[in-house]
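One file, run-v6.txt, carrying compact mmCIF, C-alpha atoms and all ligand atoms:
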# COMPACT_ATOMS: atom_id res chain seq x y z
CA MET E 1 10.24 18.88 -6.77
CA SER E 2 12.78 20.58 -4.57
CA ASN E 3 12.32 20.80 -0.87
CA SER E 4 12.09 24.59 -0.86
CA GLN E 5 9.16 24.41 -3.26
CA LEU E 6 7.43 22.08 -0.86
CA THR E 7 7.89 24.30 2.14
CA CYS E 8 4.76 26.28 2.73
CA ASP E 9 3.76 28.25 5.76
CA ASN E 10 0.56 29.70 6.99
CA ASN E 11 0.72 33.13 5.44
CA GLY E 12 -2.83 33.05 4.28
CA VAL E 13 -2.24 31.07 1.10
CA PRO E 14 -4.38 27.94 1.10
CA ALA E 15 -2.40 24.76 0.43
CA PRO E 16 -3.14 22.83 -2.74
CA ALA E 17 -5.44 19.86 -2.12
CA LEU E 18 -2.79 17.43 -3.32
CA SER E 19 0.91 18.21 -3.67
CA LYS E 20 3.19 16.33 -5.98
CA ALA E 21 4.62 13.24 -4.33
CA ILE E 22 8.36 13.18 -3.65
CA SER E 23 10.42 10.00 -3.74
CA TYR E 24 11.18 7.78 -0.76
CA GLU E 25 14.84 8.80 -0.92
CA GLU E 26 14.08 12.50 -1.01
CA ALA E 27 11.58 12.23 1.83
CA ARG E 28 14.01 10.35 4.02
CA ALA E 29 16.86 12.72 3.24
CA THR E 30 14.57 15.64 4.10
CA VAL E 31 13.69 14.15 7.49
CA ILE E 32 17.33 13.58 8.32
CA ARG E 33 18.46 16.99 7.12
CA LYS E 34 15.71 18.92 8.90
CA VAL E 35 16.05 17.08 12.19
CA ALA E 36 19.86 17.24 12.12
CA ALA E 37 19.66 21.00 11.65
CA ARG E 38 17.35 21.56 14.61
CA ALA E 39 17.83 18.71 17.10
CA ARG E 40 19.43 19.69 20.40
CA MET E 41 21.40 17.33 22.63
CA PRO E 42 18.94 15.71 25.04
CA ALA E 43 19.43 15.99 28.81
CA VAL E 44 21.69 13.39 30.44
CA GLU E 45 20.48 11.09 33.19
CA THR E 46 21.74 7.84 34.66
CA THR E 47 20.26 4.39 34.79
CA SER E 48 21.35 1.03 36.13
CA LEU E 49 22.62 -1.75 33.90
CA ASP E 50 19.41 -3.76 34.23
CA THR E 51 17.33 -0.89 32.81
CA ALA E 52 19.82 0.45 30.26
CA ALA E 53 18.75 -1.70 27.28
CA GLY E 54 17.14 0.41 24.57
CA ARG E 55 18.58 3.67 25.91
CA VAL E 56 21.20 5.83 24.19
CA LEU E 57 24.63 6.16 25.76
CA ALA E 58 25.39 9.80 26.63
CA ARG E 59 29.17 9.56 27.20
CA ASP E 60 32.07 7.78 25.54
CA VAL E 61 33.16 4.67 27.44
CA LEU E 62 36.92 3.93 27.49
CA ALA E 63 38.59 0.69 28.45
CA ASP E 64 39.59 0.92 32.13
CA ARG E 65 42.30 -1.73 31.56
CA PRO E 66 43.50 -3.88 28.69
CA TYR E 67 41.00 -6.51 27.53
CA PRO E 68 41.96 -9.20 28.29
CA ALA E 69 43.90 -7.85 31.24
CA LEU E 70 46.57 -10.57 30.77
CA ASP E 71 47.31 -13.48 28.44
CA ARG E 72 44.48 -15.95 29.00
CA THR E 73 43.68 -19.44 27.77
CA ALA E 74 40.66 -19.91 25.53
CA ARG E 75 40.54 -23.70 26.17
CA ASP E 76 40.74 -26.27 28.93
CA GLY E 77 44.01 -28.12 28.48
CA PHE E 78 47.71 -27.71 29.12
CA ALA E 79 49.94 -24.66 28.85
CA VAL E 80 53.09 -25.79 27.03
CA ARG E 81 56.16 -24.45 25.24
CA SER E 82 55.42 -24.88 21.55
CA SER E 83 59.08 -25.79 20.94
CA ASP E 84 58.50 -28.97 23.04
CA MET E 85 55.80 -30.19 20.66
CA PRO E 86 55.26 -32.82 19.39
CA GLY E 87 56.53 -34.44 22.54
CA ARG E 88 56.06 -35.70 26.08
CA VAL E 89 56.23 -33.20 28.95
CA ARG E 90 55.82 -33.29 32.73
CA VAL E 91 52.79 -31.62 34.36
CA ILE E 92 54.14 -29.46 37.18
CA GLY E 93 50.83 -28.09 38.49
CA GLU E 94 47.47 -26.60 37.58
CA VAL E 95 45.91 -23.17 37.28
CA ARG E 96 42.18 -22.48 37.46
CA ALA E 97 40.19 -19.45 36.26
CA GLY E 98 40.52 -16.80 38.97
CA GLU E 99 44.00 -17.98 40.02
CA ARG E 100 47.59 -17.22 38.95
CA PHE E 101 50.37 -19.79 38.63
CA ASP E 102 53.41 -18.39 40.38
CA ARG E 103 56.17 -20.44 38.73
CA ALA E 104 57.43 -20.45 35.15
CA VAL E 105 57.02 -23.36 32.75
CA GLY E 106 60.45 -24.66 31.78
CA ALA E 107 61.57 -26.83 28.88
CA GLY E 108 59.90 -30.24 29.07
CA GLU E 109 57.14 -28.94 31.38
CA ALA E 110 53.43 -28.17 31.19
CA VAL E 111 50.73 -26.76 33.50
CA GLU E 112 47.17 -27.99 33.46
CA ILE E 113 44.96 -25.00 32.75
CA MET E 114 41.22 -24.17 32.73
CA THR E 115 39.45 -21.80 30.30
CA GLY E 116 39.87 -18.18 31.37
CA ALA E 117 42.97 -18.81 33.54
CA PRO E 118 46.14 -16.75 32.98
CA VAL E 119 48.79 -18.46 30.87
CA PRO E 120 51.83 -19.14 33.10
CA GLN E 121 55.19 -17.54 32.34
CA GLY E 122 57.31 -19.58 29.96
CA ALA E 123 54.37 -21.26 28.19
CA ASP E 124 53.39 -19.90 24.76
CA ALA E 125 50.60 -22.25 23.64
CA ILE E 126 47.72 -24.36 24.87
CA VAL E 127 46.97 -27.92 23.84
CA MET E 128 43.41 -29.04 24.43
CA VAL E 129 42.72 -31.59 27.14
CA GLU E 130 40.82 -33.73 24.61
CA HIS E 131 43.92 -33.98 22.38
CA VAL E 132 46.59 -35.23 24.81
CA GLU E 133 47.39 -38.60 26.25
CA ARG E 134 47.85 -38.55 29.97
CA GLU E 135 50.37 -40.91 31.59
CA GLY E 136 50.64 -40.18 35.32
CA ASP E 137 52.51 -36.90 35.71
CA PHE E 138 53.16 -36.68 31.97
CA ILE E 139 51.17 -35.72 28.88
CA ALA E 140 52.01 -36.58 25.32
CA PHE E 141 50.87 -34.70 22.20
CA GLY E 142 51.61 -36.00 18.72
CA GLY E 143 51.36 -32.89 16.54
CA ALA E 144 53.14 -29.59 15.98
CA VAL E 145 51.84 -26.63 18.00
CA ALA E 146 51.90 -23.04 16.77
CA SER E 147 53.13 -20.46 19.25
CA GLY E 148 50.12 -18.54 20.58
CA GLN E 149 47.62 -21.35 19.92
CA PHE E 150 44.41 -20.89 21.99
CA ILE E 151 45.76 -17.87 23.84
CA ASN E 152 43.81 -14.59 24.05
CA PHE E 153 46.61 -12.08 24.44
CA GLN E 154 46.61 -9.12 26.80
CA GLY E 155 44.95 -6.14 25.09
CA GLY E 156 43.95 -8.26 22.07
CA GLU E 157 40.30 -7.18 22.28
CA SER E 158 41.16 -3.59 23.24
CA PRO E 159 44.11 -1.82 24.84
CA ALA E 160 43.64 0.22 28.02
CA GLY E 161 42.16 3.64 27.26
CA ALA E 162 40.72 2.60 23.89
CA LEU E 163 37.22 3.75 22.96
CA LEU E 164 34.84 0.89 23.73
CA LEU E 165 31.52 2.61 23.05
CA ALA E 166 30.88 6.08 21.64
CA ALA E 167 28.27 8.49 23.01
CA GLY E 168 25.15 8.14 20.88
CA THR E 169 25.33 4.33 20.75
CA ARG E 170 21.98 2.63 21.23
CA ILE E 171 22.41 0.13 24.06
CA GLY E 172 21.48 -3.44 23.20
CA TYR E 173 22.46 -6.70 24.83
CA SER E 174 26.00 -6.63 23.39
CA GLU E 175 26.57 -3.12 24.73
CA ILE E 176 25.16 -4.16 28.14
CA ALA E 177 27.76 -6.96 28.28
CA LEU E 178 30.56 -4.55 27.36
CA LEU E 179 29.39 -1.89 29.85
CA ALA E 180 29.23 -4.49 32.62
CA SER E 181 32.66 -5.89 31.80
CA ALA E 182 34.13 -2.37 31.69
CA GLY E 183 32.69 -1.56 35.12
CA VAL E 184 30.03 0.96 34.03
CA ALA E 185 27.36 -0.01 36.56
CA VAL E 186 25.69 3.41 36.51
CA VAL E 187 25.10 4.19 32.86
CA PRO E 188 24.90 7.78 31.57
CA VAL E 189 22.06 7.92 29.04
CA PHE E 190 20.13 10.59 27.19
CA ALA E 191 16.62 11.40 28.39
CA ARG E 192 14.13 9.61 26.18
CA CYS E 193 12.40 11.76 23.60
CA ARG E 194 8.75 12.39 24.54
CA VAL E 195 6.54 11.37 21.64
CA ALA E 196 2.92 12.51 21.69
CA ILE E 197 0.56 10.23 19.76
CA ILE E 198 -2.79 11.43 18.46
CA THR E 199 -5.20 9.26 16.56
CA THR E 200 -7.96 10.81 14.51
CA GLY E 201 -11.23 9.48 13.16
CA ASP E 202 -14.98 9.66 13.91
CA GLU E 203 -15.14 5.90 13.38
CA LEU E 204 -12.72 4.99 16.19
CA VAL E 205 -13.62 3.41 19.51
CA ALA E 206 -11.27 2.15 22.23
CA PRO E 207 -10.07 -1.47 22.06
CA GLU E 208 -12.12 -2.42 25.13
CA GLN E 209 -15.34 -1.20 23.52
CA ILE E 210 -17.76 -3.09 21.27
CA PRO E 211 -17.81 -1.19 17.99
CA LEU E 212 -21.02 -0.68 16.04
CA PRO E 213 -20.81 -2.16 12.52
CA HIS E 214 -19.69 1.18 11.07
CA GLN E 215 -17.05 1.71 13.73
CA ILE E 216 -13.60 0.20 14.24
CA ARG E 217 -11.27 -0.09 17.21
CA ASN E 218 -8.29 2.23 17.41
CA SER E 219 -5.24 0.10 16.70
CA ASN E 220 -2.79 2.76 15.48
CA GLY E 221 -2.40 4.45 18.85
CA TYR E 222 -1.14 1.20 20.31
CA SER E 223 1.03 0.03 17.42
CA LEU E 224 2.66 3.47 17.32
CA ALA E 225 3.28 3.41 21.08
CA ALA E 226 4.95 0.00 20.67
CA GLN E 227 7.09 1.29 17.80
CA VAL E 228 8.07 4.39 19.77
CA ASN E 229 9.07 2.23 22.73
CA ARG E 230 11.07 -0.09 20.52
CA ALA E 231 12.87 2.89 18.97
CA GLY E 232 13.80 4.18 22.44
CA GLY E 233 11.25 6.97 22.80
CA HIS E 234 8.69 7.64 25.50
CA PRO E 235 5.16 7.44 24.06
CA GLU E 236 2.33 9.59 25.44
CA LEU E 237 -1.09 8.63 24.08
CA LEU E 238 -3.19 11.77 23.81
CA GLY E 239 -6.32 9.93 22.72
CA VAL E 240 -8.64 10.14 19.75
CA ALA E 241 -9.62 13.38 18.03
CA ARG E 242 -12.85 13.50 16.07
CA ASP E 243 -12.63 14.65 12.43
CA ASP E 244 -13.40 18.17 13.43
CA LEU E 245 -11.06 21.11 13.04
CA GLY E 246 -11.65 22.56 16.50
CA GLU E 247 -11.21 19.25 18.30
CA THR E 248 -8.16 18.30 16.21
CA ARG E 249 -6.60 21.72 16.90
CA ALA E 250 -7.16 21.37 20.64
CA VAL E 251 -5.37 18.03 20.86
CA ILE E 252 -2.55 19.09 18.49
CA ASP E 253 -2.08 22.13 20.74
CA ARG E 254 -1.24 19.73 23.58
CA GLY E 255 0.79 17.42 21.34
CA LEU E 256 3.13 20.18 20.17
CA ALA E 257 4.47 20.42 23.74
CA ALA E 258 6.23 17.06 23.20
CA ASP E 259 9.59 16.55 21.46
CA LEU E 260 7.91 14.77 18.55
CA LEU E 261 4.26 14.56 17.57
CA LEU E 262 2.73 11.65 15.64
CA ILE E 263 -0.78 11.97 14.29
CA SER E 264 -2.50 9.08 12.61
CA GLY E 265 -5.20 9.56 9.99
CA GLY E 266 -6.84 12.61 8.54
CA VAL E 267 -4.06 13.48 6.10
CA SER E 268 -5.60 12.26 2.82
CA ALA E 269 -7.72 14.26 0.44
CA GLY E 270 -11.05 13.38 2.08
CA LYS E 271 -13.50 16.11 2.98
CA TYR E 272 -12.98 15.48 6.71
CA ASP E 273 -9.21 15.11 6.62
CA VAL E 274 -8.48 18.20 8.68
CA VAL E 275 -5.06 17.43 10.18
CA GLU E 276 -2.98 19.46 7.74
CA GLU E 277 -5.29 22.43 8.07
CA ALA E 278 -5.15 22.18 11.84
CA LEU E 279 -1.35 22.05 11.75
CA ARG E 280 -1.14 25.05 9.43
CA SER E 281 -3.30 27.02 11.83
CA PHE E 282 -0.38 26.78 14.30
CA GLY E 283 1.96 28.34 11.73
CA ALA E 284 3.44 24.97 10.85
CA THR E 285 6.09 24.61 8.18
CA ILE E 286 5.24 21.55 6.12
CA PHE E 287 8.34 20.03 4.51
CA PHE E 288 6.40 17.47 2.49
CA ASP E 289 2.92 15.99 2.48
CA ARG E 290 3.05 13.26 -0.15
CA VAL E 291 5.58 10.53 -0.81
CA ALA E 292 5.50 8.17 -3.79
CA ILE E 293 5.29 4.98 -1.72
CA GLN E 294 2.75 2.30 -1.01
CA PRO E 295 1.47 1.96 1.59
CA GLY E 296 1.35 5.54 2.72
CA GLN E 297 1.22 8.09 -0.07
CA PRO E 298 -0.21 10.91 2.03
CA LEU E 299 2.43 11.58 4.65
CA VAL E 300 3.00 14.91 6.32
CA PHE E 301 6.28 15.97 7.87
CA GLY E 302 6.77 19.38 9.37
CA TRP E 303 7.64 21.59 12.27
CA ALA E 304 5.61 23.88 14.50
CA ARG E 305 6.32 25.60 17.81
CA GLY E 306 9.68 23.86 18.20
CA CYS E 307 8.25 20.38 17.62
CA PHE E 308 8.63 18.09 14.63
CA PHE E 309 5.46 16.28 13.63
CA PHE E 310 4.39 13.52 11.28
CA GLY E 311 0.89 13.14 9.96
CA LEU E 312 0.81 9.43 9.16
CA PRO E 313 -1.85 7.86 6.96
CA GLY E 314 -4.52 6.11 9.03
CA ASN E 315 -4.62 2.70 7.42
CA PRO E 316 -2.90 0.48 10.00
CA VAL E 317 -0.28 -1.00 7.66
CA SER E 318 0.49 2.46 6.25
CA THR E 319 0.89 3.82 9.77
CA VAL E 320 3.43 1.22 10.86
CA VAL E 321 5.38 1.34 7.58
CA THR E 322 5.64 5.13 7.46
CA PHE E 323 6.70 5.21 11.11
CA GLU E 324 9.51 2.72 10.41
CA LEU E 325 10.68 4.48 7.25
CA PHE E 326 10.56 8.10 8.38
CA ALA E 327 9.36 8.89 11.91
CA ARG E 328 11.75 6.44 13.50
CA ALA E 329 14.75 8.24 12.00
CA ALA E 330 13.55 11.53 13.51
CA LEU E 331 13.00 9.89 16.88
CA GLU E 332 16.44 8.31 16.90
CA MET E 333 18.10 11.64 16.15
CA LEU E 334 16.05 13.47 18.77
CA ASN E 335 17.15 10.74 21.19
CA GLY E 336 20.81 11.63 20.63
CA SER E 337 21.87 8.87 18.25
CA PRO E 338 22.39 8.86 14.49
CA ALA E 339 19.39 7.60 12.54
CA ALA E 340 19.95 3.92 11.76
CA GLU E 341 19.90 3.41 8.00
CA PRO E 342 17.30 0.81 7.02
CA VAL E 343 19.12 -2.36 5.99
CA PHE E 344 17.82 -3.70 2.71
CA ALA E 345 18.88 -7.34 2.50
CA MET E 346 18.47 -9.21 -0.78
CA ALA E 347 16.34 -12.34 -1.14
CA HIS E 348 15.22 -14.50 -4.05
CA LEU E 349 11.56 -14.30 -5.07
CA THR E 350 9.78 -17.64 -4.88
CA ARG E 351 7.34 -16.58 -7.63
CA ASP E 352 6.98 -14.13 -10.49
CA TYR E 353 5.96 -10.64 -9.44
CA ARG E 354 4.59 -7.62 -11.32
CA HIS E 355 3.41 -4.20 -10.27
CA LYS E 356 2.41 -0.92 -11.85
CA PRO E 357 5.57 1.19 -11.78
CA GLY E 358 5.53 4.59 -10.10
CA LEU E 359 5.47 3.87 -6.39
CA ARG E 360 8.15 2.31 -4.22
CA ARG E 361 6.17 -0.39 -2.43
CA PHE E 362 6.87 -1.87 0.97
CA LEU E 363 4.68 -4.96 1.02
CA PRO E 364 4.26 -7.64 3.70
CA ALA E 365 6.42 -10.64 2.87
CA MET E 366 7.93 -13.72 4.43
CA VAL E 367 11.65 -14.38 4.14
CA ALA E 368 12.83 -17.90 4.87
CA ALA E 369 16.11 -19.74 4.49
CA GLY E 370 16.06 -21.35 1.06
CA ASP E 371 17.37 -24.73 -0.08
CA SER E 372 19.96 -22.93 -2.18
CA GLY E 373 21.35 -21.30 0.96
CA GLY E 374 20.14 -17.76 0.18
CA GLY E 375 17.00 -16.14 1.61
CA GLU E 376 13.73 -16.86 -0.19
CA LEU E 377 11.08 -14.18 -0.39
CA THR E 378 7.35 -14.84 -0.66
CA PRO E 379 4.85 -11.98 -0.86
CA ILE E 380 2.01 -12.34 1.65
CA ALA E 381 -1.50 -12.21 0.24
CA TRP E 382 -3.18 -9.06 1.48
CA THR E 383 -6.26 -7.06 0.71
CA GLY E 384 -4.53 -3.70 1.09
CA SER E 385 -3.15 -1.40 3.73
CA SER E 386 -6.00 -1.99 6.18
CA ASP E 387 -5.09 -5.69 6.38
CA ILE E 388 -3.43 -5.89 9.78
CA ALA E 389 -3.72 -9.69 9.90
CA SER E 390 -1.49 -10.02 6.82
CA LEU E 391 1.10 -7.91 8.59
CA THR E 392 1.24 -10.39 11.47
CA ARG E 393 2.02 -13.17 8.98
CA ALA E 394 4.98 -11.25 7.57
CA ASN E 395 8.52 -10.99 8.93
CA ALA E 396 9.65 -8.40 6.40
CA PHE E 397 8.57 -5.90 3.77
CA MET E 398 9.58 -6.52 0.20
CA VAL E 399 10.84 -3.30 -1.30
CA VAL E 400 9.55 -2.95 -4.85
CA ASP E 401 11.49 -0.74 -7.28
CA PRO E 402 9.21 2.02 -8.65
CA GLU E 403 10.98 1.94 -12.02
CA ARG E 404 10.67 -1.75 -12.83
CA GLU E 405 7.56 -3.66 -13.81
CA ALA E 406 8.22 -7.40 -13.64
CA TRP E 407 10.35 -9.91 -11.79
CA LYS E 408 10.79 -13.65 -12.35
CA ALA E 409 10.88 -16.31 -9.65
CA GLY E 410 14.49 -16.50 -8.52
CA ASP E 411 15.19 -12.78 -9.10
CA LEU E 412 16.68 -10.86 -6.22
CA MET E 413 14.57 -8.24 -4.49
CA PRO E 414 15.45 -6.06 -1.47
CA VAL E 415 13.67 -6.70 1.81
CA LEU E 416 13.44 -4.74 5.00
CA PHE E 417 12.98 -6.89 8.10
CA LYS E 418 10.15 -5.86 10.43
P1 LIG E 501 -7.55 8.19 7.12
O1 LIG E 501 -6.08 8.26 6.94
O2 LIG E 501 -8.05 9.00 8.27
O3 LIG E 501 -8.26 8.50 5.83
O4 LIG E 501 -7.89 6.68 7.46
C1 LIG E 501 -7.64 5.65 6.54
C2 LIG E 501 -8.22 4.37 7.02
O5 LIG E 501 -7.55 3.99 8.21
C3 LIG E 501 -9.68 4.44 7.36
O6 LIG E 501 -10.31 3.25 6.93
C4 LIG E 501 -9.71 4.52 8.86
O7 LIG E 501 -10.87 3.97 9.42
C5 LIG E 501 -8.47 3.73 9.26
N1 LIG E 501 -7.94 4.22 10.52
C6 LIG E 501 -7.70 5.51 10.80
N2 LIG E 501 -7.22 5.64 12.05
C7 LIG E 501 -7.15 4.40 12.56
C8 LIG E 501 -6.73 3.89 13.83
N3 LIG E 501 -6.31 4.69 14.80
N4 LIG E 501 -6.78 2.56 14.03
C9 LIG E 501 -7.21 1.75 13.04
N5 LIG E 501 -7.61 2.17 11.83
C10 LIG E 501 -7.60 3.48 11.59
MG MG E 502 -9.82 9.47 9.03
Render the structure in this file as structure tokens.
Amino acid sequence: MSNSQLTCDNNGVPAPALSKAISYEEARATVIRKVAARARMPAVETTSLDTAAGRVLARDVLADRPYPALDRTARDGFAVRSSDMPGRVRVIGEVRAGERFDRAVGAGEAVEIMTGAPVPQGADAIVMVEHVEREGDFIAFGGAVASGQFINFQGGESPAGALLLAAGTRIGYSEIALLASAGVAVVPVFARCRVAIITTGDELVAPEQIPLPHQIRNSNGYSLAAQVNRAGGHPELLGVARDDLGETRAVIDRGLAADLLLISGGVSAGKYDVVEEALRSFGATIFFDRVAIQPGQPLVFGWARGCFFFGLPGNPVSTVVTFELFARAALEMLNGSPAAEPVFAMAHLTRDYRHKPGLRRFLPAMVAAGDSGGGELTPIAWTGSSDIASLTRANAFMVVDPEREAWKAGDLMPVLFK
């Protein structure tokens, strides 16, 4: 089904109860295409280095000087002339990290040197302290030495003026180290996307409450908030809406003021699943409402009043999986960075596996280092997409091909780490 056929607006035509499901690939491509077409650059603000992790860099960062700024030793040892080696040379002084040696190393000479110190003029190699024999003012080294050995040359990591980090980069610990070393103490970052989270369901009570036997505690609001935070967004929990059109409309009305709206539950074909109807009443354009995946077949993605929204299926495992596969990409783009492509690593199944073809499944699994050296993949026993406990025992989702039926132990299968 093409995307244009899926687009339906509220011009009085009631939506079909169940649309045809589109594939995972088509759904993801739709999210990326729609958000790319409409996302505006977020506002720029600044933050300090100790609070920059997880944010998105708003400006390119260029190297303020060559890195390294001069030729530097990578080892503790002796700066020598490689043409003197093998041989016995006289130690004429020492240079520590943070110092410069102001004389040149001549033929038959060496300078004792500590890791990070500049290589003195005249020397073109380092021999490690552990590898020389020391005899008073002399050292002896028995092997040949290649010119340049253990030297990090000026500009070898990046020349002055080179692009170190591009605007749109998500800042992690590596980027923090690079920003600090390049002198960016006040970091320009994009404002975090505001993500409204609505949970729906008559059966829900707050985590601090004692549920009656027919009630459950709301877990999706909190798992979604954690996922939004991890993806660099700013979650705003708007609470629980009862399965009632008026109440659901009222809370969606507030949620559409955010940059992105996530709604959990109420998007299946049940009699009290009113979320899609509530969204349509705001003139929403629905880009798709069913994806051929498990968990999470019912899955609504659309746009209303300048806000993208996802109606995620309410089963807790479905909610987290559909957020990771689709909503996270939208959030990343609204945050000013390109959507990170999910990385499907390959691992060997530890047992035979079969499924009914048709759906691409993302099932809780454990990947461990195998004896053979490659990753080994074991499906986690679960009772279905309400089984949150099974999710906590998994470190990945195994990604099951919708067009294949059976796998043997040892076969490779893609996995997506949690
Ligand atoms: P729904 O998508 O509304 O049909 O819900 C599917 C299943 O997920 C039902 O068993 C709900 O009780 C459960 N569920 C819905 N919302 C939540 C939530 N916020 N936290 C935990 N479970 C939920
Ligand atoms: Mg429900």
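Taking all atoms listed in the file into account, the residues that come within 6 Å of ligand MG 502 (chain E) are Thr200, Gly201, Gly265 and Gly266 of chain E.
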List as a ChimeraX atom specification the protein and nucleic acid residues near Phe101 (chain E), meaning an atom at most 10 Å away when all atoms listed in the file are counted, but skip any in the same chain fewer than 5 places from it. /E:93-96,111,113,117-121
Please determine, counting all atoms listed in the file, which residue among E:Val400, E:Leu165, E:Ala97, E:Ala406 has the shortest atom-to-atom distance to Asp352 (chain E).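 Ranking E:Val400, E:Leu165, E:Ala97, E:Ala406 by distance to Asp352 (chain E), first place goes to E:Ala406.
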Counting all atoms listed in the file, which protein, DNA or RNA residues come within 9 Å of ligand LIG 501 (chain E), given as a PyMOL selection string? chain E and resi 198-205+215-223+240+243+264-270+272-273+296+298+312-319+385-386
Extract, using only C-alpha atoms, all DNA, RNA and protein residues at most 12 Å from Glu341 (chain E), discarding same-chain residues fewer than 6 positions from it, and format them as number ranges by chain. E: 25, 28-29, 32, 324-326, 328-330, 332-333, 416
Hey, can you spit out that residue selection with C-alpha atoms as a PDB file, keeping the file's coordinate frame?
ATOM      1  CA  GLU E  25      14.840   8.800  -0.920  1.00  0.00           C
ATOM      2  CA  ARG E  28      14.010  10.350   4.020  1.00  0.00           C
ATOM      3  CA  ALA E  29      16.860  12.720   3.240  1.00  0.00           C
ATOM      4  CA  ILE E  32      17.330  13.580   8.320  1.00  0.00           C
ATOM      5  CA  GLU E 324       9.510   2.720  10.410  1.00  0.00           C
ATOM      6  CA  LEU E 325      10.680   4.480   7.250  1.00  0.00           C
ATOM      7  CA  PHE E 326      10.560   8.100   8.380  1.00  0.00           C
ATOM      8  CA  ARG E 328      11.750   6.440  13.500  1.00  0.00           C
ATOM      9  CA  ALA E 329      14.750   8.240  12.000  1.00  0.00           C
ATOM     10  CA  ALA E 330      13.550  11.530  13.510  1.00  0.00           C
ATOM     11  CA  GLU E 332      16.440   8.310  16.900  1.00  0.00           C
ATOM     12  CA  MET E 333      18.100  11.640  16.150  1.00  0.00           C
ATOM     13  CA  LEU E 416      13.440  -4.740   5.000  1.00  0.00           C
TER      14      LEU E 416
END
Point (10.7, -5.3, 0.6) neighbourhood (12 Å, only C-alpha atoms) written as a PDB file with C-alpha atoms, keeping the file's coordinate frame:
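What landed in result-v8.pdb:
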ATOM      1  CA  ILE E 293       5.290   4.980  -1.720  1.00  0.00           C
ATOM      2  CA  GLN E 294       2.750   2.300  -1.010  1.00  0.00           C
ATOM      3  CA  PRO E 295       1.470   1.960   1.590  1.00  0.00           C
ATOM      4  CA  VAL E 321       5.380   1.340   7.580  1.00  0.00           C
ATOM      5  CA  LEU E 325      10.680   4.480   7.250  1.00  0.00           C
ATOM      6  CA  PRO E 342      17.300   0.810   7.020  1.00  0.00           C
ATOM      7  CA  VAL E 343      19.120  -2.360   5.990  1.00  0.00           C
ATOM      8  CA  PHE E 344      17.820  -3.700   2.710  1.00  0.00           C
ATOM      9  CA  ALA E 345      18.880  -7.340   2.500  1.00  0.00           C
ATOM     10  CA  MET E 346      18.470  -9.210  -0.780  1.00  0.00           C
ATOM     11  CA  ALA E 347      16.340 -12.340  -1.140  1.00  0.00           C
ATOM     12  CA  HIS E 348      15.220 -14.500  -4.050  1.00  0.00           C
ATOM     13  CA  LEU E 349      11.560 -14.300  -5.070  1.00  0.00           C
ATOM     14  CA  ARG E 360       8.150   2.310  -4.220  1.00  0.00           C
ATOM     15  CA  ARG E 361       6.170  -0.390  -2.430  1.00  0.00           C
ATOM     16  CA  PHE E 362       6.870  -1.870   0.970  1.00  0.00           C
ATOM     17  CA  LEU E 363       4.680  -4.960   1.020  1.00  0.00           C
ATOM     18  CA  PRO E 364       4.260  -7.640   3.700  1.00  0.00           C
ATOM     19  CA  ALA E 365       6.420 -10.640   2.870  1.00  0.00           C
ATOM     20  CA  MET E 366       7.930 -13.720   4.430  1.00  0.00           C
ATOM     21  CA  VAL E 367      11.650 -14.380   4.140  1.00  0.00           C
ATOM     22  CA  GLU E 376      13.730 -16.860  -0.190  1.00  0.00           C
ATOM     23  CA  LEU E 377      11.080 -14.180  -0.390  1.00  0.00           C
ATOM     24  CA  THR E 378       7.350 -14.840  -0.660  1.00  0.00           C
ATOM     25  CA  PRO E 379       4.850 -11.980  -0.860  1.00  0.00           C
ATOM     26  CA  ILE E 380       2.010 -12.340   1.650  1.00  0.00           C
ATOM     27  CA  ALA E 394       4.980 -11.250   7.570  1.00  0.00           C
ATOM     28  CA  ASN E 395       8.520 -10.990   8.930  1.00  0.00           C
ATOM     29  CA  ALA E 396       9.650  -8.400   6.400  1.00  0.00           C
ATOM     30  CA  PHE E 397       8.570  -5.900   3.770  1.00  0.00           C
ATOM     31  CA  MET E 398       9.580  -6.520   0.200  1.00  0.00           C
ATOM     32  CA  VAL E 399      10.840  -3.300  -1.300  1.00  0.00           C
ATOM     33  CA  VAL E 400       9.550  -2.950  -4.850  1.00  0.00           C
ATOM     34  CA  ASP E 401      11.490  -0.740  -7.280  1.00  0.00           C
ATOM     35  CA  PRO E 402       9.210   2.020  -8.650  1.00  0.00           C
ATOM     36  CA  LEU E 412      16.680 -10.860  -6.220  1.00  0.00           C
ATOM     37  CA  MET E 413      14.570  -8.240  -4.490  1.00  0.00           C
ATOM     38  CA  PRO E 414      15.450  -6.060  -1.470  1.00  0.00           C
ATOM     39  CA  VAL E 415      13.670  -6.700   1.810  1.00  0.00           C
ATOM     40  CA  LEU E 416      13.440  -4.740   5.000  1.00  0.00           C
ATOM     41  CA  PHE E 417      12.980  -6.890   8.100  1.00  0.00           C
ATOM     42  CA  LYS E 418      10.150  -5.860  10.430  1.00  0.00           C
TER      43      LYS E 418
END
Please determine, counting all atoms listed in the file, which residue among E:Val228, E:Ile22, E:Met128, E:Ala27 has the shortest atom-to-atom distance to Thr115 (chain E).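 With all atoms listed in the file as the atom set, the closest residue is E:Met128.
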Let me make sure I understand: among E:Arg65, E:Arg72, E:Lys408, E:Arg194, which one has the smallest atom-to-atom distance to Asn335 (chain E) if we use only C-alpha atoms?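 So, comparing all the options, the nearest one is E:Arg194.
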Residue with the minimum atom-to-atom distance to Thr322 (chain E), picked from E:Gln227, E:Ser83, E:Ile171, E:Ala36 with all atoms listed in the file counted, is E:Gln227
So the first atom is CA of Val56 (chain E) and the second is CA of Gly232 (chain E); what is the distance between them in Å, to one decimal place?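 So the two atoms, CA of Val56 (chain E) and CA of Gly232 (chain E), lie 7.8 Å apart.
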